[in-house]
>>> print(open('start_30.pdb').read())   # PDB, C-alpha atoms
ATOM      1  CA  MET A   1      42.621  -8.339  -5.336
ATOM      2  CA  ASP A   2      44.361  -8.665  -1.947
ATOM      3  CA  GLN A   3      43.903  -4.981  -1.349
ATOM      4  CA  LEU A   4      40.194  -5.353  -2.114
ATOM      5  CA  SER A   5      39.931  -8.195   0.441
ATOM      6  CA  ALA A   6      41.776  -6.085   2.997
ATOM      7  CA  VAL A   7      39.399  -3.173   2.435
ATOM      8  CA  CYS A   8      36.412  -5.487   2.720
ATOM      9  CA  ARG A   9      37.702  -6.953   5.973
ATOM     10  CA  ALA A  10      38.300  -3.476   7.333
ATOM     11  CA  ILE A  11      34.735  -2.486   6.486
ATOM     12  CA  ASP A  12      33.475  -5.686   8.092
ATOM     13  CA  VAL A  13      34.751  -4.815  11.548
ATOM     14  CA  SER A  14      33.651  -1.209  11.433
ATOM     15  CA  ALA A  15      30.923   0.034  13.729
ATOM     16  CA  LEU A  16      28.585   0.882  10.860
ATOM     17  CA  SER A  17      28.866  -2.625   9.488
ATOM     18  CA  ASN A  18      27.892  -4.111  12.835
ATOM     19  CA  ALA A  19      25.003  -1.716  13.200
ATOM     20  CA  VAL A  20      23.608  -2.632   9.806
ATOM     21  CA  SER A  21      23.974  -6.405   9.925
ATOM     22  CA  GLY A  22      23.381  -6.822  13.657
ATOM     23  CA  PHE A  23      19.623  -6.336  13.579
ATOM     24  CA  ASN A  24      17.298  -8.169  11.236
ATOM     25  CA  GLN A  25      14.734  -5.357  11.332
ATOM     26  CA  THR A  26      17.326  -2.863  10.120
ATOM     27  CA  TRP A  27      18.305  -5.154   7.289
ATOM     28  CA  ALA A  28      14.645  -5.690   6.368
ATOM     29  CA  LEU A  29      13.975  -1.952   6.303
ATOM     30  CA  ILE A  30      17.045  -1.226   4.182
ATOM     31  CA  GLN A  31      16.155  -3.972   1.704
ATOM     32  CA  THR A  32      12.520  -2.831   1.487
ATOM     33  CA  LEU A  33      13.592   0.760   0.748
ATOM     34  CA  HIS A  34      16.061  -0.609  -1.804
ATOM     35  CA  LEU A  35      13.204  -2.446  -3.560
ATOM     36  CA  ALA A  36      10.887   0.577  -3.431
ATOM     37  CA  ALA A  37      13.505   2.957  -4.823
ATOM     38  CA  MET A  38      14.489   0.348  -7.421
ATOM     39  CA  SER A  39      10.891   0.380  -8.665
ATOM     40  CA  VAL A  40      10.881   4.161  -9.103
ATOM     41  CA  LEU A  41      14.350   4.128 -10.670
ATOM     42  CA  VAL A  42      13.808   1.351 -13.203
ATOM     43  CA  ALA A  43      10.203   2.338 -13.998
ATOM     44  CA  SER A  44      11.178   5.965 -14.717
ATOM     45  CA  ILE A  45      14.219   5.025 -16.800
ATOM     46  CA  THR A  46      12.339   2.362 -18.756
ATOM     47  CA  THR A  47       9.464   4.784 -19.417
ATOM     48  CA  PHE A  48      11.925   7.153 -21.057
ATOM     49  CA  ASP A  49      13.494   4.254 -22.955
ATOM     50  CA  LEU A  50      10.060   3.237 -24.236
ATOM     51  CA  ARG A  51       9.596   6.799 -25.471
ATOM     52  CA  LEU A  52      12.936   6.562 -27.319
ATOM     53  CA  LEU A  53      11.713   3.314 -28.838
ATOM     54  CA  GLY A  54       8.455   4.962 -29.864
ATOM     55  CA  LEU A  55       6.449   2.457 -27.813
ATOM     56  CA  ALA A  56       4.916   4.708 -25.144
ATOM     57  CA  MET A  57       4.133   8.341 -24.304
ATOM     58  CA  LYS A  58       4.437   9.275 -27.955
ATOM     59  CA  ARG A  59       2.406  12.447 -27.503
ATOM     60  CA  VAL A  60       4.941  13.871 -25.050
ATOM     61  CA  SER A  61       8.088  15.434 -26.449
ATOM     62  CA  VAL A  62      11.280  13.598 -25.569
ATOM     63  CA  SER A  63      12.938  16.538 -23.849
ATOM     64  CA  ARG A  64       9.855  17.358 -21.786
ATOM     65  CA  LEU A  65       9.542  13.727 -20.661
ATOM     66  CA  ALA A  66      13.226  13.711 -19.703
ATOM     67  CA  ASP A  67      12.807  16.909 -17.688
ATOM     68  CA  ARG A  68       9.825  15.480 -15.857
ATOM     69  CA  LEU A  69      11.256  12.070 -15.077
ATOM     70  CA  LEU A  70      14.841  12.998 -14.186
ATOM     71  CA  PRO A  71      14.146  14.351 -10.656
ATOM     72  CA  ALA A  72      12.402  11.077  -9.746
ATOM     73  CA  THR A  73      15.213   9.069 -11.348
ATOM     74  CA  TRP A  74      17.963  10.926  -9.517
ATOM     75  CA  SER A  75      16.143  10.844  -6.151
ATOM     76  CA  ALA A  76      15.581   7.121  -6.496
ATOM     77  CA  PHE A  77      19.204   6.616  -7.540
ATOM     78  CA  ALA A  78      20.371   8.444  -4.400
ATOM     79  CA  VAL A  79      18.257   6.126  -2.218
ATOM     80  CA  MET A  80      19.604   3.111  -4.135
ATOM     81  CA  MET A  81      23.191   4.195  -3.536
ATOM     82  CA  ALA A  82      22.494   4.831   0.149
ATOM     83  CA  THR A  83      20.647   1.544   0.810
ATOM     84  CA  GLY A  84      22.953  -0.445  -1.459
ATOM     85  CA  GLY A  85      25.988   1.100   0.166
ATOM     86  CA  LEU A  86      24.679   0.273   3.634
ATOM     87  CA  MET A  87      24.013  -3.336   2.648
ATOM     88  CA  PHE A  88      27.473  -3.630   1.145
ATOM     89  CA  VAL A  89      29.044  -2.202   4.282
ATOM     90  CA  GLY A  90      26.951  -4.595   6.347
ATOM     91  CA  GLN A  91      28.421  -7.706   4.738
ATOM     92  CA  ALA A  92      31.363  -6.519   2.644
ATOM     93  CA  PRO A  93      33.490  -9.726   2.616
ATOM     94  CA  LYS A  94      30.481 -11.739   1.463
ATOM     95  CA  TYR A  95      29.691  -9.384  -1.427
ATOM     96  CA  CYS A  96      33.298  -8.881  -2.514
ATOM     97  CA  VAL A  97      33.574 -12.545  -3.493
ATOM     98  CA  ASN A  98      30.079 -12.842  -4.935
ATOM     99  CA  TRP A  99      30.552 -12.759  -8.704
ATOM    100  CA  ILE A 100      26.888 -11.926  -9.289
ATOM    101  CA  PHE A 101      27.198  -8.851  -7.104
ATOM    102  CA  LEU A 102      30.312  -7.756  -8.989
ATOM    103  CA  THR A 103      28.500  -8.380 -12.285
ATOM    104  CA  LYS A 104      25.605  -6.237 -11.059
ATOM    105  CA  VAL A 105      27.979  -3.358 -10.292
ATOM    106  CA  VAL A 106      29.521  -3.656 -13.760
ATOM    107  CA  LEU A 107      26.040  -3.667 -15.340
ATOM    108  CA  ILE A 108      25.086  -0.504 -13.439
ATOM    109  CA  VAL A 109      28.272   1.195 -14.603
ATOM    110  CA  LEU A 110      27.534   0.152 -18.194
ATOM    111  CA  ALA A 111      23.957   1.434 -17.907
ATOM    112  CA  GLY A 112      25.300   4.740 -16.625
ATOM    113  CA  LEU A 113      27.820   4.934 -19.458
ATOM    114  CA  ASN A 114      25.048   4.225 -21.939
ATOM    115  CA  MET A 115      23.026   7.121 -20.557
ATOM    116  CA  ALA A 116      26.037   9.445 -20.458
ATOM    117  CA  ILE A 117      26.977   8.670 -24.055
ATOM    118  CA  PHE A 118      23.366   9.282 -25.065
ATOM    119  CA  HIS A 119      23.271  12.589 -23.216
ATOM    120  CA  PHE A 120      26.481  13.949 -24.747
ATOM    121  CA  THR A 121      25.985  12.732 -28.308
ATOM    122  CA  VAL A 122      22.574  11.646 -29.579
ATOM    123  CA  TYR A 123      20.599  13.920 -27.236
ATOM    124  CA  ARG A 124      22.428  16.988 -28.548
ATOM    125  CA  SER A 125      20.265  16.922 -31.656
ATOM    126  CA  VAL A 126      17.023  16.317 -29.811
ATOM    127  CA  SER A 127      15.362  19.503 -31.067
ATOM    128  CA  LYS A 128      15.252  17.905 -34.505
ATOM    129  CA  TRP A 129      13.327  14.825 -33.380
ATOM    130  CA  ASP A 130      11.752  15.987 -30.142
ATOM    131  CA  GLU A 131       8.127  15.936 -31.183
ATOM    132  CA  THR A 132       8.132  12.969 -33.514
ATOM    133  CA  ALA A 133       6.958   9.541 -32.458
ATOM    134  CA  THR A 134       9.917   7.925 -34.192
ATOM    135  CA  THR A 135      13.433   8.763 -33.047
ATOM    136  CA  PRO A 136      16.817   8.325 -34.749
ATOM    137  CA  LEU A 137      18.251   4.817 -34.890
ATOM    138  CA  SER A 138      20.978   5.758 -32.413
ATOM    139  CA  ALA A 139      18.340   6.809 -29.878
ATOM    140  CA  LYS A 140      16.535   3.506 -30.377
ATOM    141  CA  LEU A 141      19.792   1.608 -29.830
ATOM    142  CA  VAL A 142      20.457   3.493 -26.601
ATOM    143  CA  GLY A 143      16.893   2.802 -25.484
ATOM    144  CA  THR A 144      17.212  -0.907 -26.230
ATOM    145  CA  PHE A 145      20.520  -1.232 -24.373
ATOM    146  CA  SER A 146      19.082   0.694 -21.456
ATOM    147  CA  VAL A 147      16.009  -1.533 -21.104
ATOM    148  CA  LEU A 148      18.133  -4.698 -21.335
ATOM    149  CA  LEU A 149      20.850  -3.435 -18.981
ATOM    150  CA  TRP A 150      18.459  -2.310 -16.255
ATOM    151  CA  ALA A 151      16.409  -5.514 -16.511
ATOM    152  CA  SER A 152      19.692  -7.406 -16.064
ATOM    153  CA  VAL A 153      20.514  -5.288 -13.010
ATOM    154  CA  VAL A 154      17.163  -6.204 -11.427
ATOM    155  CA  VAL A 155      17.692  -9.900 -12.158
ATOM    156  CA  ALA A 156      21.308  -9.798 -10.946
ATOM    157  CA  GLY A 157      20.127  -8.162  -7.739
ATOM    158  CA  ARG A 158      17.741 -11.042  -7.091
ATOM    159  CA  TRP A 159      20.369 -13.586  -8.110
ATOM    160  CA  ILE A 160      22.780 -12.367  -5.442
ATOM    161  CA  GLY A 161      20.658 -14.148  -2.877
ATOM    162  CA  PHE A 162      20.856 -17.438  -4.777
ATOM    163  CA  ILE A 163      24.673 -17.406  -4.705
ATOM    164  CA  ALA A 164      24.920 -16.489  -1.016
TER     165      ALA A 164
ATOM    166  CA  MET B   1      -9.831 -25.175   5.167
ATOM    167  CA  PHE B   2      -8.337 -25.040   1.698
ATOM    168  CA  ALA B   3      -6.430 -28.298   2.049
ATOM    169  CA  HIS B   4      -8.120 -29.908  -0.949
ATOM    170  CA  LEU B   5      -7.442 -26.880  -3.151
ATOM    171  CA  TRP B   6      -3.788 -26.788  -2.119
ATOM    172  CA  GLN B   7      -3.431 -30.507  -2.823
ATOM    173  CA  TRP B   8      -5.028 -30.099  -6.241
ATOM    174  CA  LEU B   9      -2.662 -27.238  -7.082
ATOM    175  CA  TYR B  10       0.321 -29.193  -5.819
ATOM    176  CA  ASP B  11      -0.584 -32.216  -7.960
ATOM    177  CA  LEU B  12      -0.717 -30.246 -11.205
ATOM    178  CA  GLN B  13       1.975 -31.145 -13.732
ATOM    179  CA  ILE B  14       3.014 -27.512 -14.053
ATOM    180  CA  SER B  15       3.478 -27.243 -10.283
ATOM    181  CA  ALA B  16       5.779 -30.242 -10.383
ATOM    182  CA  THR B  17       7.780 -28.604 -13.158
ATOM    183  CA  VAL B  18       8.186 -25.413 -11.157
ATOM    184  CA  ARG B  19       9.164 -27.426  -8.120
ATOM    185  CA  GLU B  20      11.611 -29.819  -9.695
ATOM    186  CA  SER B  21      13.327 -27.743 -12.348
ATOM    187  CA  SER B  22      16.472 -25.914 -11.340
ATOM    188  CA  TRP B  23      15.748 -22.824 -13.440
ATOM    189  CA  VAL B  24      11.953 -22.423 -13.700
ATOM    190  CA  PHE B  25      11.362 -21.182 -10.168
ATOM    191  CA  PRO B  26      14.171 -18.550 -10.218
ATOM    192  CA  THR B  27      13.107 -17.418 -13.690
ATOM    193  CA  LEU B  28       9.486 -17.002 -12.582
ATOM    194  CA  GLU B  29      10.699 -15.073  -9.555
ATOM    195  CA  CYS B  30      12.773 -12.709 -11.698
ATOM    196  CA  ILE B  31       9.849 -12.048 -14.035
ATOM    197  CA  HIS B  32       7.685 -11.507 -10.947
ATOM    198  CA  LEU B  33      10.213  -9.003  -9.600
ATOM    199  CA  TYR B  34      10.700  -7.104 -12.873
ATOM    200  CA  SER B  35       6.958  -6.809 -13.406
ATOM    201  CA  MET B  36       6.571  -5.629  -9.803
ATOM    202  CA  VAL B  37       8.872  -2.716 -10.671
ATOM    203  CA  PHE B  38       6.271  -1.360 -13.069
ATOM    204  CA  LEU B  39       3.326  -2.143 -10.837
ATOM    205  CA  ILE B  40       4.883  -0.222  -7.957
ATOM    206  CA  GLY B  41       6.175   2.513 -10.268
ATOM    207  CA  LEU B  42       2.708   3.171 -11.721
ATOM    208  CA  VAL B  43       0.861   3.008  -8.447
ATOM    209  CA  ALA B  44       3.468   5.109  -6.627
ATOM    210  CA  ALA B  45       3.222   7.819  -9.305
ATOM    211  CA  PHE B  46      -0.507   8.062  -8.647
ATOM    212  CA  ASP B  47      -0.166   7.962  -4.847
ATOM    213  CA  LEU B  48       2.559  10.614  -4.918
ATOM    214  CA  ARG B  49       0.284  12.810  -7.038
ATOM    215  CA  LEU B  50      -2.402  12.496  -4.343
ATOM    216  CA  MET B  51       0.207  13.763  -1.900
ATOM    217  CA  GLY B  52       0.854  16.740  -4.124
ATOM    218  CA  ILE B  53       4.180  15.398  -5.446
ATOM    219  CA  ALA B  54       3.675  15.471  -9.189
ATOM    220  CA  LEU B  55       6.254  13.586 -11.240
ATOM    221  CA  GLU B  56       4.710  15.339 -14.207
ATOM    222  CA  PRO B  57       2.840  18.662 -13.972
ATOM    223  CA  GLN B  58      -0.468  16.999 -14.722
ATOM    224  CA  PRO B  59      -3.822  16.814 -12.951
ATOM    225  CA  VAL B  60      -4.785  13.841 -10.818
ATOM    226  CA  SER B  61      -6.979  12.438 -13.591
ATOM    227  CA  TYR B  62      -3.908  12.108 -15.843
ATOM    228  CA  PHE B  63      -2.324   9.750 -13.321
ATOM    229  CA  SER B  64      -5.500   7.821 -12.616
ATOM    230  CA  ARG B  65      -5.949   7.305 -16.356
ATOM    231  CA  LEU B  66      -2.319   6.213 -16.665
ATOM    232  CA  VAL B  67      -2.790   3.599 -13.953
ATOM    233  CA  ARG B  68      -6.140   2.397 -15.250
ATOM    234  CA  ARG B  69      -4.671   1.990 -18.711
ATOM    235  CA  TRP B  70      -1.385   0.230 -17.949
ATOM    236  CA  VAL B  71      -1.571  -1.440 -14.534
ATOM    237  CA  TRP B  72      -3.236  -4.543 -15.985
ATOM    238  CA  ILE B  73      -0.031  -5.688 -17.626
ATOM    239  CA  PRO B  74       2.201  -5.892 -14.533
ATOM    240  CA  LEU B  75      -0.765  -6.911 -12.378
ATOM    241  CA  GLY B  76      -1.591  -9.733 -14.770
ATOM    242  CA  VAL B  77       2.025 -10.896 -15.084
ATOM    243  CA  ASN B  78       2.443 -10.881 -11.310
ATOM    244  CA  THR B  79      -0.807 -12.768 -10.765
ATOM    245  CA  VAL B  80       0.192 -15.493 -13.236
ATOM    246  CA  THR B  81       3.800 -15.826 -12.039
ATOM    247  CA  GLY B  82       2.722 -15.525  -8.407
ATOM    248  CA  THR B  83       0.133 -18.261  -8.788
ATOM    249  CA  LEU B  84       2.677 -20.570 -10.433
ATOM    250  CA  LEU B  85       5.201 -19.887  -7.679
ATOM    251  CA  PHE B  86       2.531 -20.488  -5.030
ATOM    252  CA  ALA B  87       1.299 -23.676  -6.668
ATOM    253  CA  SER B  88       4.735 -25.264  -6.356
ATOM    254  CA  LYS B  89       4.357 -25.375  -2.563
ATOM    255  CA  PRO B  90       0.847 -24.286  -1.546
ATOM    256  CA  MET B  91       0.937 -25.823   1.909
ATOM    257  CA  GLU B  92       4.182 -24.101   2.838
ATOM    258  CA  TYR B  93       3.205 -20.711   1.498
ATOM    259  CA  SER B  94      -0.315 -20.674   2.957
ATOM    260  CA  GLY B  95       1.217 -21.421   6.354
ATOM    261  CA  ASN B  96       3.862 -18.727   5.962
ATOM    262  CA  LEU B  97       2.899 -15.652   7.979
ATOM    263  CA  ALA B  98       4.873 -13.333   5.696
ATOM    264  CA  PHE B  99       3.092 -14.673   2.631
ATOM    265  CA  VAL B 100      -0.330 -14.346   4.267
ATOM    266  CA  MET B 101       0.467 -10.752   5.232
ATOM    267  CA  LYS B 102       1.586 -10.010   1.689
ATOM    268  CA  MET B 103      -1.742 -11.285   0.364
ATOM    269  CA  LEU B 104      -3.600  -9.157   2.916
ATOM    270  CA  PHE B 105      -1.647  -6.043   1.980
ATOM    271  CA  LEU B 106      -2.224  -6.783  -1.704
ATOM    272  CA  PHE B 107      -5.926  -7.352  -1.246
ATOM    273  CA  VAL B 108      -6.356  -4.114   0.677
ATOM    274  CA  GLY B 109      -4.114  -2.220  -1.739
ATOM    275  CA  VAL B 110      -5.867  -3.400  -4.891
ATOM    276  CA  THR B 111      -9.373  -2.891  -3.455
ATOM    277  CA  TYR B 112      -8.364   0.494  -2.169
ATOM    278  CA  HIS B 113      -7.095   1.579  -5.577
ATOM    279  CA  ALA B 114     -10.126   0.201  -7.371
ATOM    280  CA  VAL B 115     -12.248   2.550  -5.263
ATOM    281  CA  ILE B 116      -9.945   5.581  -5.208
ATOM    282  CA  LEU B 117      -9.001   5.546  -8.887
ATOM    283  CA  ARG B 118     -12.606   6.136  -9.891
ATOM    284  CA  LYS B 119     -13.111   9.001  -7.472
ATOM    285  CA  ALA B 120      -9.707  10.596  -8.049
ATOM    286  CA  ASP B 121     -10.828  12.862 -10.871
ATOM    287  CA  ARG B 122     -12.827  14.990  -8.464
ATOM    288  CA  TRP B 123      -9.516  16.283  -7.115
ATOM    289  CA  ASP B 124      -8.521  17.808 -10.427
ATOM    290  CA  GLY B 125      -7.922  21.511 -10.589
ATOM    291  CA  LEU B 126      -6.845  21.925  -6.974
ATOM    292  CA  ALA B 127      -3.761  24.068  -6.510
ATOM    293  CA  LYS B 128      -2.970  22.285  -3.284
ATOM    294  CA  MET B 129      -4.059  18.778  -2.301
ATOM    295  CA  PRO B 130      -6.203  18.680   0.854
ATOM    296  CA  THR B 131      -4.582  17.007   3.857
ATOM    297  CA  GLY B 132      -7.112  14.193   3.792
ATOM    298  CA  VAL B 133      -6.208  13.339   0.195
ATOM    299  CA  SER B 134      -2.494  13.451   0.992
ATOM    300  CA  VAL B 135      -3.122  11.032   3.831
ATOM    301  CA  LEU B 136      -4.918   8.708   1.413
ATOM    302  CA  GLY B 137      -1.898   8.769  -0.879
ATOM    303  CA  GLY B 138       0.527   8.226   1.964
ATOM    304  CA  PHE B 139      -1.523   5.379   3.399
ATOM    305  CA  SER B 140      -1.500   3.646   0.046
ATOM    306  CA  LEU B 141       2.281   3.992  -0.259
ATOM    307  CA  LEU B 142       2.608   2.367   3.167
ATOM    308  CA  LEU B 143       0.390  -0.509   2.005
ATOM    309  CA  TRP B 144       2.670  -1.140  -0.973
ATOM    310  CA  LEU B 145       5.765  -0.879   1.238
ATOM    311  CA  GLY B 146       4.066  -3.538   3.328
ATOM    312  CA  VAL B 147       3.720  -5.705   0.219
ATOM    313  CA  LEU B 148       7.435  -5.248  -0.522
ATOM    314  CA  ALA B 149       8.540  -5.873   3.061
ATOM    315  CA  SER B 150       6.425  -8.998   3.518
ATOM    316  CA  SER B 151       7.513 -10.303   0.088
ATOM    317  CA  ARG B 152      11.124 -10.051   1.046
ATOM    318  CA  TRP B 153      10.386 -11.577   4.425
ATOM    319  CA  ILE B 154       8.811 -14.728   2.932
ATOM    320  CA  ALA B 155      12.152 -16.451   2.350
ATOM    321  CA  TYR B 156      13.222 -15.814   5.928
ATOM    322  CA  VAL B 157      10.143 -17.467   7.420
ATOM    323  CA  LEU B 158      10.289 -20.596   5.247
TER     324      LEU B 158
END
>>> encode(input="start_30.pdb", output="structure tokens")
Amino acid sequence: MDQLSAVCRAIDVSALSNAVSGFNQTWALIQTLHLAAMSVLVASITTFDLRLLGLAMKRVSVSRLADRLLPATWSAFAVMMATGGLMFVGQAPKYCVNWIFLTKVVLIVLAGLNMAIFHFTVYRSVSKWDETATTPLSAKLVGTFSVLLWASVVVAGRWIGFIA
Amino acid sequence: MFAHLWQWLYDLQISATVRESSWVFPTLECIHLYSMVFLIGLVAAFDLRLMGIALEPQPVSYFSRLVRRWVWIPLGVNTVTGTLLFASKPMEYSGNLAFVMKMLFLFVGVTYHAVILRKADRWDGLAKMPTGVSVLGGFSLLLWLGVLASSRWIAYVL
């Protein structure tokens, strides 16, 4: 934990950190882009989850929907990492001790794990249930976890500000 | 000008609940935020399509139909939660420049889409979107970025 504090303090005095937190307009722009990319990220992921749950886009095959949405998801994720990273660098000591921020990071990791597990196990058999409106139970479980995890990430993100 | 209306809103029992409870306001805000995700996501998909960036290889009418079918849910949720949030402190919010700008951006954005969504189908079947149409899409995205930026700015002005 001490090493983490030391790293955070080191980041705090770096030039990039000062550049990011020194100007309110910069901070505003970074946060706005973070919100915009978050919308694309969570909306695209949740759309796919709703397909897994058989609640939306039932006429589109699962694999085709995945192929179409993934570029948007990955682009948005890249912007999220960039803007989120900049914000973290801007006020590292503050975030390092903010338990909501740490929870949010854990939730994102869990959401990623959920998607990875899905991709390497359940999704392998997709050709068998690609066109059907109903998907295997395991796919529905993954979809449910995904919706809940990403909703929690959004809420945790907002909550960070409450525990400033 | 709207002083009586703001006072009436403020005096409502539900406004008092939002104001005085420790969890109602943050909960409403989180619902507002989560619903916004889908509002922006839907609208952005359509605007990007106007700019020739198709998230799905579908004609413009596919996206306009998608928006017209689903946007009511997040729009409705945001209107209800937004009104409740506003009613807790109408005087403060109506005097908050960031909030006023957000409402302006929203008004222009929603009106703009109401008009464009109906006409969008005429741009089906084009291999490449005309520059003018791309500009329309880009302008709309900027409007919604304005909504996001002014929303986030509200807390800093209060």
>>> resolve_selection(input="start_30.pdb", expression="the PyMOL selection byres ((chain B) within 7 of (chain A))", output="ChimeraX atom specification")
/B:30,34,37-38,40-41,55-56,148-149
>>> closest_residue(input="start_30.pdb", among="A:Leu107, A:Leu55, A:Ala139, A:Leu102", to="Phe120 in chain A", atoms="all atoms listed in the file")
A:Ala139
>>> residues_around(input="start_30.pdb", residues="Ile160 in chain A", least_positions_apart="4", cutoff="12 Å", atoms="all atoms listed in the file", output="list in words")
Phe88, Lys94, Tyr95, Cys96, Val97, Asn98, Trp99, Ile100, Phe101, Leu102, Thr103, Lys104, Val105, Val153, Val154, Val155, Ala156 and Ala164 of chain A; Pro26 and Cys30 of chain B
>>> residues_around(input="start_30.pdb", residues="range 117-122 of chain B", least_positions_apart="6", cutoff="9 Å", atoms="all atoms listed in the file", output="ChimeraX atom specification")
/B:46,50,59-62,64-65,67-68
>>> resolve_selection(input="start_30.pdb", expression="the PyMOL selection byres ((chain B and resi 15) around 9)", output="ChimeraX atom specification")
/B:9-14,16-20,84-89
>>> resolve_selection(input="start_30.pdb", expression="the PyMOL selection byres ((chain A and resi 61) around 6)", output="list in words")
Val60, Val62, Ser63, Arg64, Asp130 and Glu131 of chain A
>>> atom_distance(input="start_30.pdb", atom1="CA of Thr83 in chain A", atom2="CA of Tyr156 in chain B")
19.6 Å
>>> residues_around(input="start_30.pdb", residues="Gln58 in chain B", least_positions_apart="6", cutoff="10 Å", atoms="only C-alpha atoms", output="PDB file with C-alpha atoms, in the coordinates of the input")
ATOM      1  CA  ARG B  49       0.284  12.810  -7.038  1.00  0.00           C
ATOM      2  CA  ASP B 124      -8.521  17.808 -10.427  1.00  0.00           C
ATOM      3  CA  GLY B 125      -7.922  21.511 -10.589  1.00  0.00           C
TER       4      GLY B 125
END
>>> atom_distance(input="start_30.pdb", atom1="CA of Asp47 in chain B", atom2="CA of Leu136 in chain B")
7.9 Å
>>> residues_around(input="start_30.pdb", residues="range 99-107 of chain B", least_positions_apart="5", cutoff="8 Å", atoms="only C-alpha atoms", output="list of chain:residue names")
B:Tyr93, B:Ser94, B:Leu143, B:Trp144, B:Gly146, B:Val147, B:Leu148, B:Ser150, B:Ser151, B:Ile154
>>> axis_aligned_box(input="start_30.pdb", around="range 33-41 of chain B", padding_each_side="6 Å", output="AutoDock Vina command-line options")
--center_x 7.0 --center_y -3.2 --center_z -10.7 --size_x 19.4 --size_y 23.5 --size_z 17.4
>>> atom_distance(input="start_30.pdb", atom1="CA of Gly82 in chain B", atom2="CA of Leu48 in chain B")
26.4 Å
>>> residues_near_point(input="start_30.pdb", point="(12.2, 2.0, -23.1)", cutoff="10 Å", atoms="only C-alpha atoms", output="list in words")
Ala43, Ser44, Ile45, Thr46, Thr47, Phe48, Asp49, Leu50, Arg51, Leu52, Leu53, Gly54, Leu55, Ala56, Lys140, Val142, Gly143, Thr144, Phe145, Ser146, Val147 and Leu148 of chain A
>>> build_atoms(input="start_30.pdb", residues="range 135-146 of chain A", atoms="N, CA and C atoms", output="PDB file, keeping the file's coordinate frame")
ATOM      1  N   THR A 135      12.175   8.089 -33.373  1.00  0.00           N
ATOM      2  CA  THR A 135      13.433   8.763 -33.047  1.00  0.00           C
ATOM      3  C   THR A 135      14.543   8.181 -33.913  1.00  0.00           C
ATOM      4  N   PRO A 136      15.711   8.857 -33.950  1.00  0.00           N
ATOM      5  CA  PRO A 136      16.817   8.325 -34.749  1.00  0.00           C
ATOM      6  C   PRO A 136      17.213   6.927 -34.298  1.00  0.00           C
ATOM      7  N   LEU A 137      17.844   6.195 -35.194  1.00  0.00           N
ATOM      8  CA  LEU A 137      18.251   4.817 -34.890  1.00  0.00           C
ATOM      9  C   LEU A 137      19.156   4.769 -33.658  1.00  0.00           C
ATOM     10  N   SER A 138      20.059   5.753 -33.558  1.00  0.00           N
ATOM     11  CA  SER A 138      20.978   5.758 -32.413  1.00  0.00           C
ATOM     12  C   SER A 138      20.226   5.881 -31.096  1.00  0.00           C
ATOM     13  N   ALA A 139      19.146   6.675 -31.095  1.00  0.00           N
ATOM     14  CA  ALA A 139      18.340   6.809 -29.878  1.00  0.00           C
ATOM     15  C   ALA A 139      17.659   5.482 -29.549  1.00  0.00           C
ATOM     16  N   LYS A 140      17.198   4.799 -30.590  1.00  0.00           N
ATOM     17  CA  LYS A 140      16.535   3.506 -30.377  1.00  0.00           C
ATOM     18  C   LYS A 140      17.525   2.479 -29.833  1.00  0.00           C
ATOM     19  N   LEU A 141      18.764   2.527 -30.322  1.00  0.00           N
ATOM     20  CA  LEU A 141      19.792   1.608 -29.830  1.00  0.00           C
ATOM     21  C   LEU A 141      20.061   1.851 -28.354  1.00  0.00           C
ATOM     22  N   VAL A 142      20.236   3.131 -28.002  1.00  0.00           N
ATOM     23  CA  VAL A 142      20.457   3.493 -26.601  1.00  0.00           C
ATOM     24  C   VAL A 142      19.299   3.003 -25.747  1.00  0.00           C
ATOM     25  N   GLY A 143      18.083   3.225 -26.233  1.00  0.00           N
ATOM     26  CA  GLY A 143      16.893   2.802 -25.484  1.00  0.00           C
ATOM     27  C   GLY A 143      16.867   1.301 -25.265  1.00  0.00           C
ATOM     28  N   THR A 144      17.206   0.554 -26.327  1.00  0.00           N
ATOM     29  CA  THR A 144      17.212  -0.907 -26.230  1.00  0.00           C
ATOM     30  C   THR A 144      18.242  -1.376 -25.215  1.00  0.00           C
ATOM     31  N   PHE A 145      19.471  -0.854 -25.327  1.00  0.00           N
ATOM     32  CA  PHE A 145      20.520  -1.232 -24.373  1.00  0.00           C
ATOM     33  C   PHE A 145      20.094  -0.918 -22.958  1.00  0.00           C
ATOM     34  N   SER A 146      19.476   0.262 -22.788  1.00  0.00           N
ATOM     35  CA  SER A 146      19.082   0.694 -21.456  1.00  0.00           C
ATOM     36  C   SER A 146      18.068  -0.258 -20.842  1.00  0.00           C
TER      37      SER A 146
END
